[in-house]
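Asker: Okay, so here is work.txt, and as you'll see once you scroll down, it has compact mmCIF, C-alpha atoms.
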```txt
# COMPACT_ATOMS: atom_id res chain seq x y z
CA MET A 1 40.64 86.08 64.09
CA LYS A 2 42.31 83.00 65.46
CA ILE A 3 45.48 83.70 67.43
CA GLY A 4 46.53 80.08 68.02
CA ASP A 5 45.12 76.69 68.94
CA LYS A 6 47.46 76.36 71.91
CA MET A 7 46.25 79.67 73.30
CA ASN A 8 42.62 78.66 72.74
CA ILE A 9 41.42 82.21 72.33
CA PHE A 10 39.77 84.12 69.56
CA VAL A 11 39.59 87.83 68.92
CA ALA A 12 36.32 89.20 67.57
CA LYS A 13 35.66 92.91 67.37
CA ASN A 14 38.54 93.55 69.81
CA LYS A 15 37.01 91.27 72.44
CA VAL A 16 38.85 88.25 73.81
CA LEU A 17 36.81 85.04 74.19
CA LYS A 18 38.36 82.25 76.29
CA LYS A 19 37.57 78.63 75.48
CA ASN A 20 38.80 77.23 78.79
CA LYS A 21 39.63 78.36 82.31
CA LYS A 22 43.25 77.23 82.38
CA VAL A 23 45.55 79.84 83.83
CA LYS A 24 47.40 81.44 80.94
CA VAL A 25 50.88 82.93 81.26
CA GLY A 26 52.34 85.46 78.84
CA LEU A 27 55.93 86.51 78.25
CA ALA A 28 56.87 90.08 77.28
CA LEU A 29 60.34 90.71 75.87
CA GLY A 30 61.51 94.32 75.80
CA GLY A 31 63.77 96.17 73.40
CA GLY A 32 67.47 96.81 73.88
CA ALA A 33 69.35 96.11 70.62
CA THR A 34 72.18 93.60 71.17
CA ARG A 35 71.41 93.55 74.90
CA GLY A 36 68.46 91.44 73.83
CA ILE A 37 70.87 88.50 74.02
CA ALA A 38 70.09 88.52 77.76
CA HIS A 39 66.57 87.37 76.81
CA ILE A 40 68.11 84.13 75.57
CA GLY A 41 69.65 83.45 78.97
CA ALA A 42 66.22 83.89 80.55
CA LEU A 43 64.68 81.46 78.05
CA LYS A 44 67.30 78.89 79.05
CA VAL A 45 66.13 79.03 82.67
CA PHE A 46 62.49 78.66 81.61
CA GLU A 47 63.41 75.60 79.56
CA GLU A 48 65.38 74.00 82.38
CA ASN A 49 62.46 74.42 84.77
CA GLY A 50 59.64 73.44 82.43
CA ILE A 51 57.98 76.86 82.42
CA LYS A 52 55.66 77.16 79.42
CA PHE A 53 54.06 80.28 78.00
CA ASP A 54 50.76 80.66 76.19
CA LEU A 55 51.75 83.77 74.28
CA VAL A 56 54.95 85.73 73.61
CA ALA A 57 54.99 89.46 72.85
CA GLY A 58 58.13 91.25 71.73
CA THR A 59 59.31 94.73 70.93
CA SER A 60 62.41 95.42 68.81
CA ALA A 61 65.18 92.99 69.91
CA GLY A 62 62.53 91.26 71.99
CA SER A 63 60.51 90.57 68.86
CA LEU A 64 63.55 89.03 67.16
CA VAL A 65 64.34 86.69 70.06
CA GLY A 66 60.63 86.12 70.69
CA CYS A 67 59.83 84.99 67.16
CA MET A 68 62.69 82.46 67.30
CA PHE A 69 61.36 81.13 70.59
CA ALA A 70 57.79 81.02 69.29
CA GLY A 71 59.11 79.27 66.18
CA GLY A 72 60.30 76.33 68.27
CA LYS A 73 63.98 77.21 68.61
CA THR A 74 65.65 76.26 71.88
CA ALA A 75 67.67 78.78 73.86
CA ASP A 76 70.89 77.08 72.76
CA GLU A 77 69.83 77.26 69.12
CA ILE A 78 68.95 80.95 69.39
CA MET A 79 72.24 81.63 71.13
CA ALA A 80 74.14 79.89 68.35
CA VAL A 81 72.45 82.22 65.86
CA ALA A 82 73.35 85.27 67.97
CA LYS A 83 76.99 84.26 68.33
CA GLY A 84 77.30 83.75 64.60
CA LEU A 85 76.23 87.32 63.85
CA ARG A 86 78.31 90.37 63.17
CA VAL A 87 76.96 93.89 63.41
CA LYS A 88 77.59 94.41 59.69
CA ASP A 89 75.31 91.44 58.97
CA ILE A 90 72.44 93.48 60.43
CA LYS A 91 73.40 97.09 59.74
CA LYS A 92 74.89 97.16 56.28
CA SER A 93 75.27 100.88 55.65
CA LYS A 94 78.39 102.79 56.68
CA PHE A 95 78.92 105.83 58.86
CA PHE A 96 75.71 107.57 59.92
CA MET A 97 73.51 106.54 57.02
CA PRO A 98 70.40 104.54 58.02
CA SER A 99 70.49 100.95 56.84
CA LYS A 100 67.76 98.94 55.20
CA THR A 101 66.46 96.06 57.30
CA ASP A 102 67.34 93.39 54.75
CA GLY A 103 69.82 91.81 57.16
CA ILE A 104 67.16 91.36 59.85
CA GLN A 105 64.66 89.98 57.36
CA ASP A 106 67.25 87.55 55.99
CA LEU A 107 68.07 86.40 59.52
CA VAL A 108 64.43 85.56 60.24
CA ARG A 109 63.90 83.80 56.91
CA GLU A 110 67.11 81.77 57.18
CA ASN A 111 66.12 80.42 60.59
CA LEU A 112 62.33 80.17 60.40
CA GLY A 113 61.51 80.34 56.71
CA ASP A 114 59.49 82.91 54.77
CA ILE A 115 56.40 82.40 56.91
CA ASP A 116 53.58 84.39 58.46
CA ILE A 117 53.29 85.07 62.18
CA GLN A 118 50.31 82.75 62.49
CA ASP A 119 52.45 79.86 61.19
CA LEU A 120 54.69 79.89 64.29
CA LYS A 121 54.40 77.04 66.79
CA MET A 122 53.41 79.36 69.64
CA PRO A 123 51.12 82.42 69.63
CA PHE A 124 53.31 85.46 69.06
CA CYS A 125 52.79 89.22 68.75
CA ALA A 126 55.28 91.78 67.48
CA VAL A 127 54.95 95.46 68.38
CA ALA A 128 55.86 98.20 65.91
CA VAL A 129 54.87 101.81 65.28
CA ASP A 130 53.39 103.07 62.01
CA LEU A 131 55.02 106.43 61.29
CA ILE A 132 52.19 107.44 58.95
CA SER A 133 49.39 107.11 61.48
CA SER A 134 51.71 107.40 64.55
CA LYS A 135 49.85 104.41 66.02
CA GLU A 136 51.28 101.48 67.95
CA ILE A 137 50.57 98.33 65.95
CA VAL A 138 50.36 94.87 67.49
CA PHE A 139 50.77 92.24 64.79
CA THR A 140 49.20 88.80 65.22
CA LYS A 141 49.35 87.92 61.53
CA GLY A 142 51.28 88.84 58.41
CA ASN A 143 54.77 88.30 57.02
CA LEU A 144 57.01 87.49 59.97
CA ALA A 145 60.31 88.75 58.54
CA LYS A 146 58.99 92.14 57.47
CA ILE A 147 57.04 92.74 60.67
CA VAL A 148 59.90 91.78 62.99
CA ALA A 149 62.24 93.96 60.94
CA GLY A 150 59.79 96.84 61.34
CA SER A 151 59.65 96.26 65.09
CA CYS A 152 63.48 96.49 65.16
CA ALA A 153 63.80 99.53 62.87
CA VAL A 154 65.34 102.07 65.27
CA PRO A 155 64.91 105.60 63.82
CA GLY A 156 68.13 106.95 62.36
CA VAL A 157 69.72 103.49 62.42
CA PHE A 158 67.34 101.69 60.07
CA VAL A 159 65.06 102.80 57.27
CA PRO A 160 61.39 102.20 58.17
CA VAL A 161 59.86 99.07 56.67
CA GLU A 162 57.17 99.67 54.06
CA TYR A 163 54.44 97.13 54.72
CA GLU A 164 50.75 97.20 53.73
CA ASN A 165 50.46 100.98 53.45
CA MET A 166 52.40 101.49 56.68
CA HIS A 167 55.92 102.68 57.45
CA LEU A 168 56.94 100.48 60.36
CA SER A 169 59.48 101.68 62.90
CA ASP A 170 60.79 100.50 66.26
CA GLY A 171 58.01 99.46 68.62
CA GLY A 172 59.95 101.00 71.50
CA LEU A 173 58.78 104.43 70.38
CA GLN A 174 55.47 103.67 72.09
CA ASN A 175 55.75 100.35 73.95
CA ASN A 176 59.22 99.19 74.88
CA ILE A 177 58.12 96.45 77.30
CA PRO A 178 54.87 95.05 75.87
CA SER A 179 53.44 93.51 79.04
CA ASP A 180 49.99 94.82 78.20
CA VAL A 181 49.83 92.83 74.96
CA PRO A 182 49.46 89.37 76.56
CA ARG A 183 46.73 90.93 78.74
CA PHE A 184 44.78 91.89 75.62
CA PHE A 185 44.73 88.25 74.59
CA GLY A 186 43.57 86.76 77.86
CA CYS A 187 46.74 85.97 79.79
CA ASP A 188 46.19 85.87 83.54
CA TYR A 189 49.84 86.45 84.39
CA VAL A 190 52.64 88.20 82.54
CA ILE A 191 56.35 87.82 83.10
CA ALA A 192 58.39 90.62 81.49
CA ILE A 193 62.09 91.03 80.82
CA ASP A 194 63.68 94.47 80.72
CA VAL A 195 67.18 94.37 79.22
CA ASN A 196 67.63 98.12 78.82
CA SER A 197 69.13 99.34 82.11
CA THR A 198 70.41 102.62 80.61
CA ARG A 199 66.95 103.76 79.58
CA GLY A 200 66.46 107.47 80.24
CA GLU A 201 70.15 108.43 80.29
CA GLY A 202 71.10 111.68 78.58
CA THR A 203 74.37 112.78 76.98
CA ASP A 204 76.75 115.75 77.09
CA SER A 205 77.77 115.14 73.48
CA LEU A 206 76.49 117.21 70.56
CA LYS A 207 77.31 114.58 67.96
CA ILE A 208 74.19 113.74 65.99
CA ILE A 209 74.31 110.00 66.70
CA ASP A 210 74.76 110.61 70.45
CA VAL A 211 71.93 113.13 70.53
CA LEU A 212 69.62 110.79 68.61
CA SER A 213 70.49 107.85 70.89
CA ALA A 214 69.87 109.91 74.03
CA THR A 215 66.56 111.16 72.61
CA ILE A 216 65.35 107.60 72.03
CA ARG A 217 66.48 106.54 75.52
CA ILE A 218 64.60 109.41 77.11
CA MET A 219 61.42 108.72 75.12
CA SER A 220 61.52 105.02 75.92
CA LYS A 221 61.71 105.69 79.66
CA SER A 222 58.19 107.06 79.90
CA ASN A 223 56.61 104.47 77.61
CA SER A 224 58.21 101.64 79.57
CA ILE A 225 56.21 102.46 82.69
CA LYS A 226 53.13 100.62 81.45
CA GLY A 227 55.35 97.58 80.92
CA TYR A 228 56.04 97.49 84.64
CA ILE A 229 52.44 98.23 85.57
CA ASN A 230 51.02 95.40 83.46
CA ALA A 231 53.59 92.78 84.46
CA ASP A 232 53.24 90.52 87.47
CA PHE A 233 57.02 90.28 87.62
CA VAL A 234 59.80 92.06 85.72
CA ILE A 235 63.17 90.37 85.34
CA LYS A 236 65.90 93.04 85.18
CA PRO A 237 69.34 91.74 84.16
CA SER A 238 72.19 94.14 84.95
CA MET A 239 73.11 95.29 81.43
CA LYS A 240 74.53 98.77 81.95
CA LYS A 241 78.13 97.75 81.30
CA TYR A 242 77.30 96.27 77.88
CA LYS A 243 76.98 98.38 74.75
CA SER A 244 73.74 97.97 72.86
CA THR A 245 75.59 98.01 69.53
CA LYS A 246 78.17 95.26 70.13
CA ILE A 247 77.84 91.48 70.04
CA ASP A 248 81.34 90.50 71.16
CA GLU A 249 80.22 90.04 74.78
CA ALA A 250 77.33 87.75 73.88
CA ASP A 251 78.27 85.06 76.41
CA ALA A 252 78.41 87.57 79.26
CA MET A 253 75.04 89.09 78.29
CA PHE A 254 73.50 85.62 78.08
CA GLN A 255 74.83 84.92 81.56
CA GLU A 256 73.34 88.13 82.96
CA GLY A 257 69.92 87.09 81.69
CA TYR A 258 70.38 83.57 82.99
CA MET A 259 71.44 84.62 86.50
CA ALA A 260 68.74 87.28 86.88
CA THR A 261 66.04 84.79 85.87
CA ARG A 262 67.44 82.00 88.02
CA ASP A 263 67.45 84.32 91.05
CA ALA A 264 63.85 85.36 90.30
CA LEU A 265 62.62 81.81 89.70
CA PRO A 266 61.10 81.13 93.17
CA LYS A 267 59.02 84.32 92.96
CA ILE A 268 57.94 83.61 89.37
CA LEU A 269 56.84 80.07 90.24
CA GLU A 270 54.93 81.40 93.25
CA ILE A 271 53.10 83.94 91.09
CA ILE A 272 52.08 81.69 88.19
CA SER A 273 50.96 78.85 90.46
CA LYS A 274 48.19 80.94 92.02
CA LYS A 275 44.68 81.36 90.75
CA PRO A 276 44.22 85.03 89.74
CA SER A 277 41.85 86.98 91.95
CA ARG A 278 38.74 88.73 90.67
CA ALA A 279 40.18 92.06 91.78
CA GLN A 280 43.27 91.45 89.68
CA LYS A 281 41.21 90.56 86.63
CA ARG A 282 39.17 93.75 87.00
CA ARG A 283 42.32 95.87 87.35
CA PHE A 284 43.84 94.63 84.14
CA LYS A 285 40.53 94.84 82.31
CA LEU A 286 40.51 98.57 83.06
CA MET A 287 44.12 98.92 81.93
CA SER A 288 43.44 97.19 78.64
CA GLU A 289 40.78 99.68 77.56
CA ASN A 290 43.46 101.85 75.94
CA ARG A 291 44.38 99.40 73.23
CA PRO A 292 46.71 99.82 70.29
CA LYS A 293 45.70 98.85 66.78
CA ILE A 294 45.69 95.06 66.55
CA ILE A 295 46.27 93.41 63.18
```
As a first step, turn the structure in this file into structure tokens.

Answerer:
Amino acid sequence: MKIGDKMNIFVAKNKVLKKNKKVKVGLALGGGATRGIAHIGALKVFEENGIKFDLVAGTSAGSLVGCMFAGGKTADEIMAVAKGLRVKDIKKSKFFMPSKTDGIQDLVRENLGDIDIQDLKMPFCAVAVDLISSKEIVFTKGNLAKIVAGSCAVPGVFVPVEYENMHLSDGGLQNNIPSDVPRFFGCDYVIAIDVNSTRGEGTDSLKIIDVLSATIRIMSKSNSIKGYINADFVIKPSMKKYKSTKIDEADAMFQEGYMATRDALPKILEIISKKPSRAQKRRFKLMSENRPKII
């Protein structure tokens, strides 16, 4: 299964075969609903400093921003899309009823076309969870709009996406910061971005929406640990003061991502300029033995 000419890797029977010895750098974008706008600020810094990635992996909001980036959109273009959105464009149902993901699918199609993942300009993987099998699914092919919508389908907020005998739900249920995914596909270094600084927080409210939100935050805390373990560096914008359900502070969230990445830039450049050691390669080979289902 060919992942992308630019990546120069092939997957055969879950084994990664490299065609050259160039150091490969992956980018992992974590979930965080509207806080994912901070990812765009980080992308702006990468653009300004000529930092290129060989593969992008995204979960939930990270998959939405990541597919735009992999589709050739600049940070400014992605930000223009974000600023033109309203919450009701994405979540169309009222009150506490889960919404269909039509708004997310329309957003992807309007900006990238009704394409498959493998048609993007850069190798890209979206992480979702199949509620039928309970497995984490890493998509490297298939309909982009439906798969990204599935990756973003937060339980209780969105109806799961029915796709090829699966019921896709938010990838953050099992892998909120998918740093391990670029490792599976041969990346030597992985830079991750964690935009969810309230992960793990509980609630004293008994309202159903507050209880559900706290439950998801608590679950995502434990499954985010492997995101930190598998990353060579994690960029952590300060996002606690921003609500994950509002877009009206988009500029401020963009700036948080921009500043955090700019401050981390010297360390990131130092990391990706080095040749990976044999010990490092062995360590991540052991970590990657527990693989999700790759499609």

Asker: Neighbouring residues of A:Lys146 were defined as those with any atom within 8 Å, considering all atoms listed in the file; residues of the same chain fewer than 3 positions away were excluded. Please report them as a list in words.

Answerer: Gln105, Asn143, Ala149, Gly150, Val161 and Tyr163 of chain A

Asker: Tell me which of A:Pro182, A:Gly172, A:Gly113, A:Gly142 sits closest to A:Ile218, counting all atoms listed in the file.

Answerer: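 Using all atoms listed in the file, the shortest distance to A:Ile218 belongs to A:Gly172.
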
Asker: Ranking A:Val195, A:Val129, A:Ile117, A:Ala28 by minimum distance to A:Leu144 and counting all atoms listed in the file, which one comes first?

Answerer: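 Checking each candidate against A:Leu144, we get A:Ile117 as the closest.
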
Asker: List the neighbours of stretch 226-234 of chain A out to 6 Å using only C-alpha atoms; skip same-chain residues closer than 3 positions along the sequence, and give me the result as a PDB file with C-alpha atoms, keeping the file's coordinate frame.

Answerer:
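Printed below is part00.pdb as written:
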```pdb
ATOM      1  CA  ILE A 177      58.120  96.450  77.300  1.00  0.00           C
ATOM      2  CA  PRO A 178      54.870  95.050  75.870  1.00  0.00           C
ATOM      3  CA  SER A 179      53.440  93.510  79.040  1.00  0.00           C
ATOM      4  CA  ASP A 180      49.990  94.820  78.200  1.00  0.00           C
ATOM      5  CA  VAL A 190      52.640  88.200  82.540  1.00  0.00           C
ATOM      6  CA  ILE A 191      56.350  87.820  83.100  1.00  0.00           C
ATOM      7  CA  ALA A 192      58.390  90.620  81.490  1.00  0.00           C
ATOM      8  CA  ILE A 193      62.090  91.030  80.820  1.00  0.00           C
TER       9      ILE A 193
END
```

Asker: Give the answer as one residue: which of A:Asn196, A:Ser205, A:Asn175, A:Asn223 has the shortest atom-to-atom distance to A:Gly257, using only C-alpha atoms?

Answerer: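 The answer is A:Asn196, which sits nearest to A:Gly257.
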
Asker: Counting only C-alpha atoms, what are the residues of stretch 89-145 of chain A within 6 Å of stretch 66-76 of chain A, and for each of them which pair of atoms is the nearest and at what distance in Å, to one decimal? Sort the table by chain and rising number, as a Markdown table.

Answerer:
```
| residue | atom | partner | partner_atom | distance |
| --- | --- | --- | --- | --- |
| A:Leu120 | CA | A:Gly71 | CA | 4.8 |
| A:Lys121 | CA | A:Gly71 | CA | 5.2 |
| A:Met122 | CA | A:Ala70 | CA | 4.7 |
```

Asker: A:Ile294: which residues within 9 Å, counting all atoms listed in the file, same-chain residues fewer than 5 positions away excluded, as an MDAnalysis selection string?

Answerer: chainID A and resid 14 136:140

Asker: For each of A:Leu269, A:Leu64, A:Ile132, A:Ala260, take the minimum atom-to-atom distance to A:Gly50, counting all atoms listed in the file, then give the residue where this is smallest.

Answerer: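 Nearest to A:Gly50: A:Leu269.
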
Asker: Take atom CA of A:Lys241 and atom CA of A:Ala264 and report the distance between them in Å, one decimal.

Answerer: 20.9 Å

Asker: Ranking A:Ala61, A:Leu112, A:Ala33, A:Ala82 by minimum distance to A:Val148 and counting only C-alpha atoms, which one comes first?

Answerer: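 Closest to A:Val148 of all the choices is A:Ala61.
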
Asker: Tell me which of A:Val81, A:Ala38, A:Ala128, A:Leu173 sits closest to A:Ser224, counting all atoms listed in the file.

Answerer: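 Of A:Val81, A:Ala38, A:Ala128, A:Leu173, the one nearest A:Ser224 is A:Leu173, counting all atoms listed in the file.
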
Asker: Counting only C-alpha atoms, find the residues whose atoms lie at most 6 Å from (61.9, 94.3, 70.2) (file coordinates) and write them out as a PyMOL selection string.

Answerer: chain A and resi 30-31+58-63+151-152

Asker: Counting all atoms listed in the file, what is within 8 Å of A:Thr261, bar same-chain residues fewer than 5 positions away, as JSON, numbers by chain?

Answerer: {"A": [41, 42, 45, 235, 237]}

Asker: Could you check which residues have any atom within 6 Å of (53.0, 81.0, 74.1), counting all atoms listed in the file with coordinates taken straight from the file, and then list them as an NGL selection string?

Answerer: :A and (53-56 or 122-123)
